[in-house]
Amino acid sequence: MKIPKQILAFSILTASLLSFLAGYILIQSGLKSDAGAAQKGSILDRFQNLAGSTGQTIVPQGLFQLSEKETISPVSDIASESVLYYQADTGIATKADIVTRQNTNISTAILPQLSRVIWSPDRQQVMTIFTTAKATEFKYYSYGTGRAFSMGTNVLDAAFSPDGSSIAAVRKINDETIITTGAPGDQYARTILKTRLDRFSIAWPNPDTLALTVPNADGTSDLYLLATNGDLTKILEGQTSLGVVWIPDGSGFIYSVEKDGYPVLARYNLTDKSQINLPLSVDAALCAPTLNGGAAFCLVDTKGETSVTRLDLATGASQTISSNVIISGERVFLSHLQDFLIIVNQSDHSLYAIKVSGE
């Protein structure tokens, strides 16, 4: 049977068109698949870049919460960018990593009635204070050796020496208050001062000098320097709402007093007994001096707006590091590497941190 030329030509043309269309569809499907894979890969790459190609954790910009728990006596760890604290509800010692925000228990001991902790400078020893309706008891514990003992119920306050080898203890004995210094548990600790004063706090900022903050009957306070040989010198007298924060190297301190209803800040230098007034109106507890005392980072509230300010302790020059910090602080301190300002929340004693310039 002979097929007409028109029909044959039409059949060939139709077959060619079908073949072309099939090839086009296959090609387009492949292109779409490749494009989808490329897009997916691009998104994944960007996500991985955000997370850090080395797997490092990204620290949030601005203020972030380090621990939601109520804390007791938090301090910076000297071996890592972490904060050490005791949990208020259990008394368990905990370590909070600033970078990862992971909180890890470093002890399992439950400590009821724990009210305060005094850390040694190397963070390997503590004096824990337990308060009940009947008495206040000081206890000593060494994380390095496991040594533990009660310091008794007649201790009013205590402090570790800068190298952690000795303890200065304020004890009430009958009608007299004595200050002794000696190694932890030393039965023959040396008495360096006897006084009729019955309540004051003690610090040991440098090897040769202790400091006593003594409240007066009129609500003011005095600050004394006590040499380890027993010499006592009054350097501040009759100050209202006195707050003192020592510079870590023991060369001096910053302090705040109340004048006309507002805090006034100043720095005192032990070497030459000089003072410099500082331009910020803030409690000393809300300022964290750097290791060498060159500067301090302060949490400043100005007309309801809180900011982090870097304050030069030599010149008084200030620079705002961060504004609109939505938290009220009770106390602040710097992390070990001075990269973060740690803020103890005033309302619940939880911990917050914010990145600042290192010194």
# chains A, B, ... in the order shown; residues from 1 in each chain; ligands from 1
>>> closest_atom_pairs(of="range 152-219 of chain A", to="range 122-125 of chain A", cutoff="12 Å", atoms="only C-alpha atoms", output="JSON lines")
{"residue": "A:Ala159", "atom": "CA", "partner": "A:Gln125", "partner_atom": "CA", "distance": 11.3}
{"residue": "A:Phe160", "atom": "CA", "partner": "A:Gln125", "partner_atom": "CA", "distance": 9.1}
{"residue": "A:Ser161", "atom": "CA", "partner": "A:Asp122", "partner_atom": "CA", "distance": 10.6}
{"residue": "A:Pro162", "atom": "CA", "partner": "A:Asp122", "partner_atom": "CA", "distance": 8.9}
{"residue": "A:Asp163", "atom": "CA", "partner": "A:Asp122", "partner_atom": "CA", "distance": 7.7}
{"residue": "A:Gly164", "atom": "CA", "partner": "A:Asp122", "partner_atom": "CA", "distance": 6.9}
{"residue": "A:Ser165", "atom": "CA", "partner": "A:Gln125", "partner_atom": "CA", "distance": 9.8}
{"residue": "A:Ser166", "atom": "CA", "partner": "A:Gln125", "partner_atom": "CA", "distance": 10.9}
{"residue": "A:Ile167", "atom": "CA", "partner": "A:Gln125", "partner_atom": "CA", "distance": 10.8}
{"residue": "A:Pro184", "atom": "CA", "partner": "A:Gln125", "partner_atom": "CA", "distance": 9.8}
>>> write_last_selection(atoms="all heavy atoms", output="PDB file, in the first residue's frame")
ATOM      1  N   ALA A 159      38.768  36.373 105.592  1.00  0.00           N
ATOM      2  CA  ALA A 159      39.274  36.634 104.243  1.00  0.00           C
ATOM      3  C   ALA A 159      40.512  35.795 103.998  1.00  0.00           C
ATOM      4  O   ALA A 159      41.296  35.535 104.932  1.00  0.00           O
ATOM      5  CB  ALA A 159      39.603  38.117 104.068  1.00  0.00           C
ATOM      6  N   PHE A 160      40.699  35.365 102.750  1.00  0.00           N
ATOM      7  CA  PHE A 160      41.922  34.679 102.352  1.00  0.00           C
ATOM      8  C   PHE A 160      43.000  35.709 102.021  1.00  0.00           C
ATOM      9  O   PHE A 160      42.702  36.822 101.542  1.00  0.00           O
ATOM     10  CB  PHE A 160      41.686  33.814 101.114  1.00  0.00           C
ATOM     11  CG  PHE A 160      40.956  32.523 101.382  1.00  0.00           C
ATOM     12  CD1 PHE A 160      39.609  32.412 101.100  1.00  0.00           C
ATOM     13  CD2 PHE A 160      41.632  31.422 101.896  1.00  0.00           C
ATOM     14  CE1 PHE A 160      38.931  31.224 101.329  1.00  0.00           C
ATOM     15  CE2 PHE A 160      40.967  30.232 102.134  1.00  0.00           C
ATOM     16  CZ  PHE A 160      39.620  30.124 101.847  1.00  0.00           C
ATOM     17  N   SER A 161      44.257  35.338 102.261  1.00  0.00           N
ATOM     18  CA  SER A 161      45.377  36.177 101.820  1.00  0.00           C
ATOM     19  C   SER A 161      45.453  36.131 100.296  1.00  0.00           C
ATOM     20  O   SER A 161      44.890  35.231  99.656  1.00  0.00           O
ATOM     21  CB  SER A 161      46.685  35.665 102.429  1.00  0.00           C
ATOM     22  OG  SER A 161      46.958  34.339 101.987  1.00  0.00           O
ATOM     23  N   PRO A 162      46.145  37.094  99.669  1.00  0.00           N
ATOM     24  CA  PRO A 162      46.211  37.123  98.205  1.00  0.00           C
ATOM     25  C   PRO A 162      46.770  35.854  97.567  1.00  0.00           C
ATOM     26  O   PRO A 162      46.393  35.510  96.443  1.00  0.00           O
ATOM     27  CB  PRO A 162      47.117  38.329  97.926  1.00  0.00           C
ATOM     28  CG  PRO A 162      46.893  39.232  99.095  1.00  0.00           C
ATOM     29  CD  PRO A 162      46.734  38.305 100.267  1.00  0.00           C
ATOM     30  N   ASP A 163      47.654  35.137  98.269  1.00  0.00           N
ATOM     31  CA  ASP A 163      48.180  33.891  97.712  1.00  0.00           C
ATOM     32  C   ASP A 163      47.413  32.667  98.186  1.00  0.00           C
ATOM     33  O   ASP A 163      47.737  31.530  97.812  1.00  0.00           O
ATOM     34  CB  ASP A 163      49.672  33.736  98.026  1.00  0.00           C
ATOM     35  CG  ASP A 163      49.958  33.591  99.527  1.00  0.00           C
ATOM     36  OD1 ASP A 163      48.989  33.605 100.338  1.00  0.00           O
ATOM     37  OD2 ASP A 163      51.144  33.470  99.901  1.00  0.00           O
ATOM     38  N   GLY A 164      46.387  32.866  99.032  1.00  0.00           N
ATOM     39  CA  GLY A 164      45.541  31.762  99.479  1.00  0.00           C
ATOM     40  C   GLY A 164      46.136  30.882 100.552  1.00  0.00           C
ATOM     41  O   GLY A 164      45.506  29.907 100.965  1.00  0.00           O
ATOM     42  N   SER A 165      47.319  31.235 101.049  1.00  0.00           N
ATOM     43  CA  SER A 165      47.979  30.364 102.022  1.00  0.00           C
ATOM     44  C   SER A 165      47.522  30.621 103.461  1.00  0.00           C
ATOM     45  O   SER A 165      47.745  29.783 104.342  1.00  0.00           O
ATOM     46  CB  SER A 165      49.500  30.532 101.945  1.00  0.00           C
ATOM     47  OG  SER A 165      49.877  31.849 102.322  1.00  0.00           O
ATOM     48  N   SER A 166      46.913  31.780 103.695  1.00  0.00           N
ATOM     49  CA  SER A 166      46.514  32.146 105.057  1.00  0.00           C
ATOM     50  C   SER A 166      45.086  32.653 105.086  1.00  0.00           C
ATOM     51  O   SER A 166      44.520  33.026 104.054  1.00  0.00           O
ATOM     52  CB  SER A 166      47.451  33.226 105.624  1.00  0.00           C
ATOM     53  OG  SER A 166      48.783  32.760 105.696  1.00  0.00           O
ATOM     54  N   ILE A 167      44.544  32.666 106.298  1.00  0.00           N
ATOM     55  CA  ILE A 167      43.197  33.187 106.518  1.00  0.00           C
ATOM     56  C   ILE A 167      43.258  34.227 107.634  1.00  0.00           C
ATOM     57  O   ILE A 167      43.894  34.003 108.670  1.00  0.00           O
ATOM     58  CB  ILE A 167      42.220  32.066 106.932  1.00  0.00           C
ATOM     59  CG1 ILE A 167      41.954  31.137 105.744  1.00  0.00           C
ATOM     60  CG2 ILE A 167      40.909  32.634 107.460  1.00  0.00           C
ATOM     61  CD1 ILE A 167      41.088  29.943 106.092  1.00  0.00           C
ATOM     62  N   PRO A 184      45.116  27.806 107.163  1.00  0.00           N
ATOM     63  CA  PRO A 184      43.804  27.220 107.464  1.00  0.00           C
ATOM     64  C   PRO A 184      43.902  26.150 108.552  1.00  0.00           C
ATOM     65  O   PRO A 184      44.704  25.221 108.455  1.00  0.00           O
ATOM     66  CB  PRO A 184      43.374  26.613 106.122  1.00  0.00           C
ATOM     67  CG  PRO A 184      44.076  27.441 105.096  1.00  0.00           C
ATOM     68  CD  PRO A 184      45.400  27.790 105.704  1.00  0.00           C
TER      69      PRO A 184
END
>>> residues_around(residues="range 195-200 of chain A", least_positions_apart="2", cutoff="12 Å", atoms="only C-alpha atoms", output="count of residues only")
35
>>> closest_residue(among="A:Val282, A:Ala317, A:Leu291, A:Met127", to="Ser115 in chain A", atoms="only C-alpha atoms")
A:Met127
>>> residues_around(residues="Thr220 in chain A", least_positions_apart="2", cutoff="7 Å", atoms="only C-alpha atoms", output="PyMOL selection string")
chain A and resi 215-216+218+238-241
>>> select_by_dssp(residues="range 99-213 of chain A", states="strand (DSSP E)", output="ChimeraX atom specification")
/A:103-105,114-119,125-131,136-142,148-152,155-160,167-173,176-182,190-195,201-206,209-213
>>> atom_distance(atom1="CA of Ile235 in chain A", atom2="CA of Asn206 in chain A")
16.3 Å
>>> residues_around(residues="Ser350 in chain A", least_positions_apart="4", cutoff="10 Å", atoms="only C-alpha atoms", output="CSV table (one decimal) with C-alpha atoms, in the first residue's frame")
chain,number,residue,atom,x,y,z
A,65,GLN,CA,21.7,35.1,80.3
A,66,LEU,CA,24.4,32.9,81.7
A,67,SER,CA,22.4,31.2,84.4
A,68,GLU,CA,18.7,31.4,85.2
A,69,LYS,CA,19.4,29.9,88.7
A,70,GLU,CA,19.5,32.0,91.8
A,71,THR,CA,23.2,32.2,92.7
A,72,ILE,CA,25.2,32.6,95.9
A,74,PRO,CA,29.4,34.1,92.0
A,87,GLN,CA,23.0,27.3,93.8
A,329,GLY,CA,22.4,44.8,88.6
A,343,ILE,CA,26.1,41.0,86.0
A,344,VAL,CA,24.3,39.6,89.1
A,345,ASN,CA,20.7,40.4,88.6
A,346,GLN,CA,19.2,42.5,91.4
>>> residues_around(residues="Arg147 in chain A", least_positions_apart="2", cutoff="12 Å", atoms="only C-alpha atoms", output="number ranges by chain")
A: 124-127, 139-145, 149-150, 184-185
>>> residues_around(residues="range 351-353 of chain A", least_positions_apart="3", cutoff="12 Å", atoms="only C-alpha atoms", output="ChimeraX atom specification")
/A:59-76,81-87,95-99,101,103,299,308,322,325-335,338-348,356
>>> residues_around(residues="Thr320 in chain A", least_positions_apart="4", cutoff="8 Å", atoms="only C-alpha atoms", output="ChimeraX atom specification")
/A:307-310
>>> write_last_selection(atoms="all heavy atoms", output="tab-separated table (two decimals), in the first residue's frame")
chain	number	residue	atom	x	y	z
A	307	SER	N	23.33	51.52	80.93
A	307	SER	CA	24.37	51.32	79.93
A	307	SER	C	25.63	50.77	80.59
A	307	SER	O	25.81	50.87	81.80
A	307	SER	CB	24.70	52.64	79.21
A	307	SER	OG	25.21	53.59	80.15
A	308	VAL	N	26.49	50.15	79.77
A	308	VAL	CA	27.81	49.70	80.22
A	308	VAL	C	28.82	50.74	79.78
A	308	VAL	O	28.91	51.06	78.59
A	308	VAL	CB	28.16	48.32	79.65
A	308	VAL	CG1	29.59	47.93	80.05
A	308	VAL	CG2	27.17	47.27	80.15
A	309	THR	N	29.58	51.26	80.73
A	309	THR	CA	30.51	52.35	80.46
A	309	THR	C	31.91	51.95	80.88
A	309	THR	O	32.11	51.41	81.96
A	309	THR	CB	30.10	53.63	81.22
A	309	THR	OG1	28.80	54.02	80.79
A	309	THR	CG2	31.08	54.76	80.96
A	310	ARG	N	32.88	52.22	79.99
A	310	ARG	CA	34.29	52.02	80.34
A	310	ARG	C	34.83	53.32	80.92
A	310	ARG	O	34.73	54.38	80.30
A	310	ARG	CB	35.11	51.61	79.12
A	310	ARG	CG	36.58	51.30	79.44
A	310	ARG	CD	37.40	51.12	78.19
A	310	ARG	NE	38.76	50.73	78.50
A	310	ARG	CZ	39.74	51.58	78.85
A	310	ARG	NH1	39.48	52.88	78.96
A	310	ARG	NH2	40.95	51.13	79.11
>>> closest_residue(among="A:Ala288, A:Leu226, A:Leu337, A:Ala135", to="Pro248 in chain A", atoms="only C-alpha atoms")
A:Ala288
